[in-house]
Amino acid sequence: MATQRTTSTALFDRAQLSIPGGVNSPVRAFKSVGGIPVFMKKAKGAYMYDADGNSYIDYINSWGPMILGHAFEPVVKAIQEKAPDSMSFGAPTELEIEMAELIKSMAPNVDLVRMVSSGTEACMSALRLARGYTGRNKFIKFEGCYHGHADAFLVKAGSGVATFNIQTIPGITAGVSMDTLTAPYNNIDAVNQLVAANKGEIAAIIIEPVAGNMGCIPPAPGYLEGLRAICDAEGIVLIFDEVMTGFRLAAGGAQERLGVNADLVTYGKVIGGGMPVGAFGGKKEIMQHIAPLGNVYQAGTLSGNPIAMIAGYTMLKTLKDNPSIYKELEDKTATLHKGLDEVLKNVNSPYTINRLGSMISVHFSEKPVTNFTDAAEANNALFNQFFHHMLNEGIYLPPSAYETWFISTAISASDIDRTIEVAGKFFKN
Ligand code: HOZ
């Protein structure tokens, strides 16, 4: 019998009367997988609990940041201790310096770092900076990569744009999109061609070094190095969008894990430990063009917010001081990968599992999934069935084949065993 979610159903009905589509971010509306979104009430460790009292093993982890599980006690305690000192000053604090110093000590190539309040802000600010620094307008992004919802990035974007197959977005002017050049992920020749056709006009190449918004798609060997070489040769700023990978794939994020240096790096929710935070940072030569040092303007009243800073600082410090966390994440995700690989053979349909570190996703595809076209050509209707099969058994996956799954250290061996066992009971209808 399907899990009862009568309270969620009632809440969704009510939400739609006052919130567009009943949700504050499109993917979570379940529109592509079908059914009623699950309204959550609380979460602890690896588990989320919905408004009906059902529990779920969580494979979203707030879309990445809950690396140590939900309501990680040192973070909760740090927030509780800090809150009485004020929720926001709109003035500098020592804590912001400590946060910047901590980020610099963990992430390669970050001489200066500016805090913002979301990954969207981080990416749009980094792009503006790259344009201001180079004096060029155009930039290259990759089909299926998602860099937040600033106008210029929504061309051939992943995540919700891909999930809902939105081809053109009303409200975005042709003028804005004209400077966005796109290439397929993992295809260095396509980038070379764009660069040759737009010689001296490209300010930046922005990429998710491990894509997570078209499912998980790791970079092909040599691909990021190829982009690095193109940027060096052409004076283009290489921006790594590490909103998902930062501090997750390694203490130094994808730069460290994959051994490729970026000029600018953007971070998001991970550095707030789940609070609304982002940051962009990079080499001093570029970052010194940001106001008030330079004239590339960027600002934010809540930037460096003390509650967000203490939450993020506490989590990042835990990651820095306990390098074994990365082995634990790797081992747990590898166990899940192996187990799923064994049981999904029972499904009467081809599949492929992509993984790097603790980012993993299943595509019901008969060929390897290395770019957005491959992800779109997979049997995503079957993924939707799989999603509901898992949800009904208390396993909470992202409600879209175009999203990566994230593993936390809080998940136990028995949670993983249970996930594999449930997946093994999935049969194509
Ligand atoms: N853009 C997010 C996933 N890549 C979705 C965020 C959400 O719905 O909360």
# chains A, B, ... in the order shown; residues from 1 in each chain; ligands from 1
>>> closest_atom_pairs(of="chain A", to="ligand 1", cutoff="8 Å", atoms="only C-alpha atoms and all ligand atoms", output="CSV")
residue,atom,partner,partner_atom_place_in_ligand_line,distance
A:Asn24,CA,ligand 1,8 (O),7.4
A:Ser25,CA,ligand 1,8 (O),4.4
A:Pro26,CA,ligand 1,8 (O),5.8
A:Val27,CA,ligand 1,8 (O),4.9
A:Arg28,CA,ligand 1,8 (O),4.8
A:Ser62,CA,ligand 1,9 (O),6.8
A:Trp63,CA,ligand 1,3 (C),5.9
A:Tyr146,CA,ligand 1,4 (N),7.3
A:Gly148,CA,ligand 1,1 (N),6.9
A:Gly158,CA,ligand 1,4 (N),7.9
A:Ser159,CA,ligand 1,4 (N),5.0
A:Gly160,CA,ligand 1,1 (N),6.6
A:Gly212,CA,ligand 1,4 (N),7.0
A:Asn213,CA,ligand 1,4 (N),5.3
A:Glu403,CA,ligand 1,4 (N),6.0
A:Thr404,CA,ligand 1,4 (N),7.8
>>> write_last_selection(atoms="C-alpha atoms", output="PDB file, in the first residue's frame")
ATOM      1  CA  ASN A  24       9.486  28.354  -3.642  1.00  0.00           C
ATOM      2  CA  SER A  25      11.796  26.588  -6.098  1.00  0.00           C
ATOM      3  CA  PRO A  26      10.421  24.783  -9.159  1.00  0.00           C
ATOM      4  CA  VAL A  27      12.080  21.338  -9.082  1.00  0.00           C
ATOM      5  CA  ARG A  28      10.653  20.512  -5.677  1.00  0.00           C
ATOM      6  CA  SER A  62      19.280  20.110   0.879  1.00  0.00           C
ATOM      7  CA  TRP A  63      20.784  19.780  -2.624  1.00  0.00           C
ATOM      8  CA  TYR A 146      23.177  25.352 -14.141  1.00  0.00           C
ATOM      9  CA  GLY A 148      21.711  29.843 -10.808  1.00  0.00           C
ATOM     10  CA  GLY A 158      20.179  22.228 -16.465  1.00  0.00           C
ATOM     11  CA  SER A 159      18.206  21.630 -13.244  1.00  0.00           C
ATOM     12  CA  GLY A 160      14.612  22.943 -13.366  1.00  0.00           C
ATOM     13  CA  GLY A 212      25.282  17.982 -11.067  1.00  0.00           C
ATOM     14  CA  ASN A 213      22.342  19.598 -12.787  1.00  0.00           C
ATOM     15  CA  GLU A 403      19.656  16.223 -10.505  1.00  0.00           C
ATOM     16  CA  THR A 404      22.534  14.521  -8.770  1.00  0.00           C
TER      17      THR A 404
END
>>> residues_around(residues="A:Leu224", least_positions_apart="2", cutoff="9 Å", atoms="only C-alpha atoms", output="MDAnalysis selection string")
chainID A and resid 186 188 209 219:222 226:229 258 260
>>> select_by_dssp(residues="stretch 173-351 of chain A", states="strand (DSSP E or B)", output="JSON list (two decimals) with N, CA, C and O atoms, in the first residue's frame")
[["chain", "number", "residue", "atom", "x", "y", "z"],
["A", 180, "THR", "N", 25.76, 34.85, -24.48],
["A", 180, "THR", "CA", 25.97, 33.52, -23.87],
["A", 180, "THR", "C", 26.21, 32.51, -24.99],
["A", 180, "THR", "O", 25.33, 32.24, -25.79],
["A", 181, "LEU", "N", 27.41, 31.96, -25.05],
["A", 181, "LEU", "CA", 27.73, 30.93, -26.05],
["A", 181, "LEU", "C", 27.67, 29.58, -25.34],
["A", 181, "LEU", "O", 28.11, 29.47, -24.19],
["A", 182, "THR", "N", 27.13, 28.57, -26.02],
["A", 182, "THR", "CA", 27.03, 27.27, -25.34],
["A", 182, "THR", "C", 27.72, 26.17, -26.13],
["A", 182, "THR", "O", 27.77, 26.21, -27.36],
["A", 183, "ALA", "N", 28.23, 25.21, -25.40],
["A", 183, "ALA", "CA", 28.90, 24.05, -26.02],
["A", 183, "ALA", "C", 28.46, 22.81, -25.24],
["A", 183, "ALA", "O", 28.11, 22.91, -24.07],
["A", 202, "ILE", "N", 35.84, 36.64, -25.77],
["A", 202, "ILE", "CA", 35.29, 35.82, -24.69],
["A", 202, "ILE", "C", 35.94, 36.16, -23.35],
["A", 202, "ILE", "O", 37.16, 36.03, -23.18],
["A", 203, "ALA", "N", 35.11, 36.58, -22.41],
["A", 203, "ALA", "CA", 35.60, 36.96, -21.09],
["A", 203, "ALA", "C", 35.86, 35.74, -20.22],
["A", 203, "ALA", "O", 36.85, 35.68, -19.49],
["A", 204, "ALA", "N", 34.94, 34.77, -20.27],
["A", 204, "ALA", "CA", 34.99, 33.67, -19.30],
["A", 204, "ALA", "C", 34.47, 32.36, -19.87],
["A", 204, "ALA", "O", 33.63, 32.36, -20.79],
["A", 205, "ILE", "N", 34.97, 31.29, -19.33],
["A", 205, "ILE", "CA", 34.35, 29.97, -19.49],
["A", 205, "ILE", "C", 33.93, 29.57, -18.09],
["A", 205, "ILE", "O", 34.76, 29.54, -17.16],
["A", 206, "ILE", "N", 32.64, 29.30, -17.92],
["A", 206, "ILE", "CA", 32.15, 28.88, -16.60],
["A", 206, "ILE", "C", 31.67, 27.44, -16.71],
["A", 206, "ILE", "O", 30.97, 27.08, -17.67],
["A", 207, "ILE", "N", 32.05, 26.63, -15.74],
["A", 207, "ILE", "CA", 31.70, 25.19, -15.80],
["A", 207, "ILE", "C", 31.49, 24.63, -14.40],
["A", 207, "ILE", "O", 32.15, 25.06, -13.45],
["A", 211, "ALA", "N", 29.48, 17.99, -13.30],
["A", 211, "ALA", "CA", 28.13, 18.51, -13.50],
["A", 211, "ALA", "C", 27.17, 17.80, -12.56],
["A", 211, "ALA", "O", 27.26, 16.58, -12.37],
["A", 217, "ILE", "N", 27.41, 14.15, -13.92],
["A", 217, "ILE", "CA", 28.25, 13.85, -15.08],
["A", 217, "ILE", "C", 29.68, 14.32, -14.80],
["A", 217, "ILE", "O", 29.95, 15.52, -14.76],
["A", 237, "VAL", "N", 39.01, 34.02, -18.56],
["A", 237, "VAL", "CA", 38.93, 33.68, -17.13],
["A", 237, "VAL", "C", 38.20, 32.34, -16.98],
["A", 237, "VAL", "O", 37.06, 32.20, -17.46],
["A", 238, "LEU", "N", 38.83, 31.38, -16.34],
["A", 238, "LEU", "CA", 38.18, 30.08, -16.11],
["A", 238, "LEU", "C", 37.48, 30.11, -14.75],
["A", 238, "LEU", "O", 38.13, 30.28, -13.71],
["A", 239, "ILE", "N", 36.15, 29.98, -14.80],
["A", 239, "ILE", "CA", 35.36, 30.00, -13.55],
["A", 239, "ILE", "C", 34.87, 28.58, -13.26],
["A", 239, "ILE", "O", 34.17, 27.98, -14.08],
["A", 240, "PHE", "N", 35.23, 28.06, -12.11],
["A", 240, "PHE", "CA", 34.66, 26.79, -11.65],
["A", 240, "PHE", "C", 33.47, 27.11, -10.76],
["A", 240, "PHE", "O", 33.64, 27.79, -9.73],
["A", 241, "ASP", "N", 32.31, 26.64, -11.15],
["A", 241, "ASP", "CA", 31.13, 26.74, -10.29],
["A", 241, "ASP", "C", 31.17, 25.54, -9.35],
["A", 241, "ASP", "O", 30.83, 24.41, -9.72],
["A", 264, "LEU", "N", 38.67, 31.87, -11.08],
["A", 264, "LEU", "CA", 37.65, 32.28, -10.11],
["A", 264, "LEU", "C", 36.86, 31.04, -9.73],
["A", 264, "LEU", "O", 36.66, 30.13, -10.56],
["A", 265, "VAL", "N", 36.40, 31.00, -8.50],
["A", 265, "VAL", "CA", 35.60, 29.87, -8.01],
["A", 265, "VAL", "C", 34.34, 30.43, -7.36],
["A", 265, "VAL", "O", 34.40, 31.43, -6.66],
["A", 266, "THR", "N", 33.20, 29.78, -7.62],
["A", 266, "THR", "CA", 31.97, 30.20, -6.95],
["A", 266, "THR", "C", 31.51, 29.09, -6.01],
["A", 266, "THR", "O", 31.65, 27.91, -6.30],
["A", 267, "TYR", "N", 30.99, 29.52, -4.87],
["A", 267, "TYR", "CA", 30.48, 28.59, -3.87],
["A", 267, "TYR", "C", 29.04, 28.95, -3.53],
["A", 267, "TYR", "O", 28.60, 30.08, -3.76],
["A", 278, "GLY", "N", 26.56, 32.20, -0.21],
["A", 278, "GLY", "CA", 27.39, 31.90, -1.36],
["A", 278, "GLY", "C", 28.66, 32.71, -1.23],
["A", 278, "GLY", "O", 28.79, 33.54, -0.31],
["A", 279, "ALA", "N", 29.59, 32.49, -2.14],
["A", 279, "ALA", "CA", 30.82, 33.29, -2.15],
["A", 279, "ALA", "C", 31.48, 33.13, -3.51],
["A", 279, "ALA", "O", 31.24, 32.15, -4.22],
["A", 280, "PHE", "N", 32.25, 34.12, -3.89],
["A", 280, "PHE", "CA", 33.12, 33.93, -5.05],
["A", 280, "PHE", "C", 34.50, 34.44, -4.68],
["A", 280, "PHE", "O", 34.64, 35.39, -3.89],
["A", 281, "GLY", "N", 35.49, 33.76, -5.20],
["A", 281, "GLY", "CA", 36.85, 34.13, -4.84],
["A", 281, "GLY", "C", 37.79, 33.76, -5.96],
["A", 281, "GLY", "O", 37.40, 33.15, -6.96],
["A", 282, "GLY", "N", 39.05, 34.13, -5.78],
["A", 282, "GLY", "CA", 40.02, 33.79, -6.81],
["A", 282, "GLY", "C", 41.29, 34.57, -6.65],
["A", 282, "GLY", "O", 41.60, 35.09, -5.56],
["A", 290, "ILE", "N", 37.05, 44.15, -7.88],
["A", 290, "ILE", "CA", 35.73, 44.27, -7.24],
["A", 290, "ILE", "C", 35.69, 45.52, -6.34],
["A", 290, "ILE", "O", 36.66, 45.81, -5.64],
["A", 296, "VAL", "N", 34.26, 47.25, -10.42],
["A", 296, "VAL", "CA", 33.22, 46.25, -10.74],
["A", 296, "VAL", "C", 32.33, 46.18, -9.49],
["A", 296, "VAL", "O", 32.72, 45.65, -8.46]]
>>> residues_around(residues="A:Leu340", least_positions_apart="4", cutoff="7 Å", atoms="only C-alpha atoms", output="list in words")
Leu336, Leu344, Ile420 and Ala423 of chain A
>>> write_last_selection(atoms="N, CA, C and O atoms", output="mmCIF file, in the first residue's frame")
data_model
loop_
_atom_site.group_PDB
_atom_site.id
_atom_site.type_symbol
_atom_site.label_atom_id
_atom_site.label_comp_id
_atom_site.auth_asym_id
_atom_site.auth_seq_id
_atom_site.Cartn_x
_atom_site.Cartn_y
_atom_site.Cartn_z
ATOM 1 N N LEU A 336 27.158 2.158 -2.142
ATOM 2 C CA LEU A 336 25.848 2.362 -2.765
ATOM 3 C C LEU A 336 25.938 2.093 -4.272
ATOM 4 O O LEU A 336 25.096 1.397 -4.849
ATOM 5 N N LEU A 344 20.174 -3.312 -9.999
ATOM 6 C CA LEU A 344 19.428 -2.705 -11.116
ATOM 7 C C LEU A 344 19.486 -3.582 -12.373
ATOM 8 O O LEU A 344 18.738 -3.355 -13.326
ATOM 9 N N ILE A 420 19.587 -0.183 -1.292
ATOM 10 C CA ILE A 420 19.908 -1.132 -2.363
ATOM 11 C C ILE A 420 18.808 -2.202 -2.453
ATOM 12 O O ILE A 420 18.347 -2.558 -3.547
ATOM 13 N N ALA A 423 15.772 -0.659 -4.076
ATOM 14 C CA ALA A 423 16.013 -0.464 -5.520
ATOM 15 C C ALA A 423 15.901 -1.795 -6.255
ATOM 16 O O ALA A 423 15.399 -1.857 -7.384
#
>>> residues_around(residues="A:Glu342", least_positions_apart="2", cutoff="12 Å", atoms="only C-alpha atoms", output="VMD selection string")
chain A and resid 335 to 340 344 to 347 351 to 353 420 to 421 423 to 425
>>> write_last_selection(atoms="C-alpha atoms", output="mmCIF file, in the first residue's frame")
data_model
loop_
_atom_site.group_PDB
_atom_site.id
_atom_site.type_symbol
_atom_site.label_atom_id
_atom_site.label_comp_id
_atom_site.auth_asym_id
_atom_site.auth_seq_id
_atom_site.Cartn_x
_atom_site.Cartn_y
_atom_site.Cartn_z
ATOM 1 C CA THR A 335 29.105 0.862 -1.535
ATOM 2 C CA LEU A 336 25.848 2.362 -2.765
ATOM 3 C CA HIS A 337 27.182 2.470 -6.329
ATOM 4 C CA LYS A 338 28.246 -1.180 -6.268
ATOM 5 C CA GLY A 339 25.013 -2.333 -4.657
ATOM 6 C CA LEU A 340 22.792 -0.427 -7.082
ATOM 7 C CA LEU A 344 19.428 -2.705 -11.116
ATOM 8 C CA LYS A 345 20.369 -5.541 -13.441
ATOM 9 C CA ASN A 346 16.935 -6.919 -12.485
ATOM 10 C CA VAL A 347 15.233 -3.974 -14.143
ATOM 11 C CA TYR A 351 20.914 1.899 -17.028
ATOM 12 C CA THR A 352 24.123 3.681 -16.267
ATOM 13 C CA ILE A 353 25.383 4.960 -12.938
ATOM 14 C CA ILE A 420 19.908 -1.132 -2.363
ATOM 15 C CA GLU A 421 17.329 -3.699 -1.261
ATOM 16 C CA ALA A 423 16.013 -0.464 -5.520
ATOM 17 C CA GLY A 424 16.320 -4.185 -6.215
ATOM 18 C CA LYS A 425 12.561 -4.571 -5.953
#
>>> closest_atom_pairs(of="stretch 319-383 of chain A", to="stretch 90-112 of chain A", cutoff="12 Å", atoms="only C-alpha atoms", output="tab-separated table")
residue	atom	partner	partner_atom	distance
A:Leu319	CA	A:Met106	CA	9.5
A:Lys320	CA	A:Met106	CA	7.1
A:Asp321	CA	A:Met106	CA	10.5
A:Pro323	CA	A:Met106	CA	11.2
>>> residues_around(residues="A:Val369", least_positions_apart="3", cutoff="12 Å", atoms="only C-alpha atoms", output="number ranges by chain")
A: 185-186, 211, 214-220, 350-355, 361-366, 372-379, 401-402
>>> atom_distance(atom1="atom CA of A:Val75", atom2="atom CA of A:Ala413")
24.0 Å
>>> closest_residue(among="A:Val155, A:Ala299, A:Leu329, A:Ala196", to="A:Val176", atoms="only C-alpha atoms")
A:Val155
>>> decode(residues="stretch 142-154 of chain A", atoms="all heavy atoms", output="mmCIF file, in the first residue's frame")
data_model
loop_
_atom_site.group_PDB
_atom_site.id
_atom_site.type_symbol
_atom_site.label_atom_id
_atom_site.label_comp_id
_atom_site.auth_asym_id
_atom_site.auth_seq_id
_atom_site.Cartn_x
_atom_site.Cartn_y
_atom_site.Cartn_z
ATOM 1 N N PHE A 142 28.087 25.553 -20.546
ATOM 2 C CA PHE A 142 27.882 24.238 -21.144
ATOM 3 C C PHE A 142 26.427 23.789 -21.012
ATOM 4 O O PHE A 142 25.779 24.042 -19.992
ATOM 5 C CB PHE A 142 28.862 23.227 -20.521
ATOM 6 C CG PHE A 142 30.269 23.638 -20.823
ATOM 7 C CD1 PHE A 142 30.983 24.429 -19.928
ATOM 8 C CD2 PHE A 142 30.844 23.328 -22.040
ATOM 9 C CE1 PHE A 142 32.254 24.891 -20.227
ATOM 10 C CE2 PHE A 142 32.121 23.781 -22.359
ATOM 11 C CZ PHE A 142 32.830 24.565 -21.456
ATOM 12 N N GLU A 143 25.948 23.153 -22.088
ATOM 13 C CA GLU A 143 24.558 22.680 -22.109
ATOM 14 C C GLU A 143 24.314 21.767 -20.911
ATOM 15 O O GLU A 143 25.081 20.832 -20.671
ATOM 16 C CB GLU A 143 24.293 21.887 -23.402
ATOM 17 C CG GLU A 143 24.372 22.751 -24.645
ATOM 18 C CD GLU A 143 24.459 21.936 -25.924
ATOM 19 O OE1 GLU A 143 24.241 20.705 -25.902
ATOM 20 O OE2 GLU A 143 24.762 22.560 -26.961
ATOM 21 N N GLY A 144 23.259 22.059 -20.154
ATOM 22 C CA GLY A 144 22.908 21.213 -19.020
ATOM 23 C C GLY A 144 23.564 21.649 -17.723
ATOM 24 O O GLY A 144 23.224 21.138 -16.655
ATOM 25 N N CYS A 145 24.518 22.603 -17.803
ATOM 26 C CA CYS A 145 25.080 23.135 -16.558
ATOM 27 C C CYS A 145 24.156 24.239 -16.064
ATOM 28 O O CYS A 145 23.560 24.964 -16.850
ATOM 29 C CB CYS A 145 26.488 23.692 -16.772
ATOM 30 S SG CYS A 145 27.741 22.399 -16.806
ATOM 31 N N TYR A 146 24.060 24.363 -14.765
ATOM 32 C CA TYR A 146 23.177 25.352 -14.141
ATOM 33 C C TYR A 146 24.020 26.193 -13.205
ATOM 34 O O TYR A 146 24.735 25.656 -12.359
ATOM 35 C CB TYR A 146 22.066 24.631 -13.360
ATOM 36 C CG TYR A 146 21.081 25.554 -12.679
ATOM 37 C CD1 TYR A 146 20.095 26.213 -13.418
ATOM 38 C CD2 TYR A 146 21.123 25.766 -11.305
ATOM 39 C CE1 TYR A 146 19.186 27.064 -12.797
ATOM 40 C CE2 TYR A 146 20.212 26.608 -10.673
ATOM 41 C CZ TYR A 146 19.246 27.258 -11.429
ATOM 42 O OH TYR A 146 18.347 28.091 -10.809
ATOM 43 N N HIS A 147 23.944 27.502 -13.416
ATOM 44 C CA HIS A 147 24.734 28.412 -12.579
ATOM 45 C C HIS A 147 23.831 29.413 -11.872
ATOM 46 O O HIS A 147 24.157 30.598 -11.768
ATOM 47 C CB HIS A 147 25.780 29.132 -13.433
ATOM 48 C CG HIS A 147 26.646 28.195 -14.223
ATOM 49 N ND1 HIS A 147 27.582 27.377 -13.629
ATOM 50 C CD2 HIS A 147 26.671 27.893 -15.546
ATOM 51 C CE1 HIS A 147 28.168 26.635 -14.558
ATOM 52 N NE2 HIS A 147 27.635 26.931 -15.727
ATOM 53 N N GLY A 148 22.670 28.947 -11.441
ATOM 54 C CA GLY A 148 21.711 29.843 -10.808
ATOM 55 C C GLY A 148 20.840 30.485 -11.869
ATOM 56 O O GLY A 148 20.993 30.223 -13.061
ATOM 57 N N HIS A 149 19.961 31.369 -11.399
ATOM 58 C CA HIS A 149 18.929 31.843 -12.317
ATOM 59 C C HIS A 149 19.130 33.260 -12.810
ATOM 60 O O HIS A 149 18.183 33.913 -13.262
ATOM 61 C CB HIS A 149 17.541 31.660 -11.688
ATOM 62 C CG HIS A 149 17.340 32.453 -10.435
ATOM 63 N ND1 HIS A 149 16.862 33.739 -10.458
ATOM 64 C CD2 HIS A 149 17.599 32.153 -9.145
ATOM 65 C CE1 HIS A 149 16.817 34.194 -9.216
ATOM 66 N NE2 HIS A 149 17.259 33.257 -8.405
ATOM 67 N N ALA A 150 20.366 33.782 -12.752
ATOM 68 C CA ALA A 150 20.621 35.086 -13.381
ATOM 69 C C ALA A 150 20.392 34.944 -14.888
ATOM 70 O O ALA A 150 20.682 33.895 -15.481
ATOM 71 C CB ALA A 150 22.049 35.533 -13.093
ATOM 72 N N ASP A 151 19.876 36.011 -15.516
ATOM 73 C CA ASP A 151 19.428 35.949 -16.911
ATOM 74 C C ASP A 151 20.425 35.263 -17.849
ATOM 75 O O ASP A 151 20.056 34.383 -18.619
ATOM 76 C CB ASP A 151 19.163 37.371 -17.444
ATOM 77 C CG ASP A 151 17.926 38.004 -16.803
ATOM 78 O OD1 ASP A 151 17.292 37.338 -15.953
ATOM 79 O OD2 ASP A 151 17.602 39.156 -17.142
ATOM 80 N N ALA A 152 21.672 35.697 -17.790
ATOM 81 C CA ALA A 152 22.647 35.251 -18.782
ATOM 82 C C ALA A 152 22.902 33.746 -18.734
ATOM 83 O O ALA A 152 23.352 33.144 -19.715
ATOM 84 C CB ALA A 152 23.963 35.991 -18.571
ATOM 85 N N PHE A 153 22.613 33.117 -17.592
ATOM 86 C CA PHE A 153 22.951 31.691 -17.437
ATOM 87 C C PHE A 153 21.832 30.744 -17.843
ATOM 88 O O PHE A 153 22.017 29.532 -17.837
ATOM 89 C CB PHE A 153 23.307 31.392 -15.973
ATOM 90 C CG PHE A 153 24.552 32.066 -15.500
ATOM 91 C CD1 PHE A 153 24.539 32.882 -14.381
ATOM 92 C CD2 PHE A 153 25.761 31.879 -16.166
ATOM 93 C CE1 PHE A 153 25.690 33.510 -13.927
ATOM 94 C CE2 PHE A 153 26.914 32.496 -15.723
ATOM 95 C CZ PHE A 153 26.878 33.321 -14.608
ATOM 96 N N LEU A 154 20.658 31.287 -18.135
ATOM 97 C CA LEU A 154 19.522 30.373 -18.325
ATOM 98 C C LEU A 154 19.399 29.839 -19.745
ATOM 99 O O LEU A 154 18.424 29.173 -20.079
ATOM 100 C CB LEU A 154 18.226 31.052 -17.860
ATOM 101 C CG LEU A 154 18.156 31.194 -16.327
ATOM 102 C CD1 LEU A 154 16.889 31.884 -15.893
ATOM 103 C CD2 LEU A 154 18.281 29.840 -15.629
#
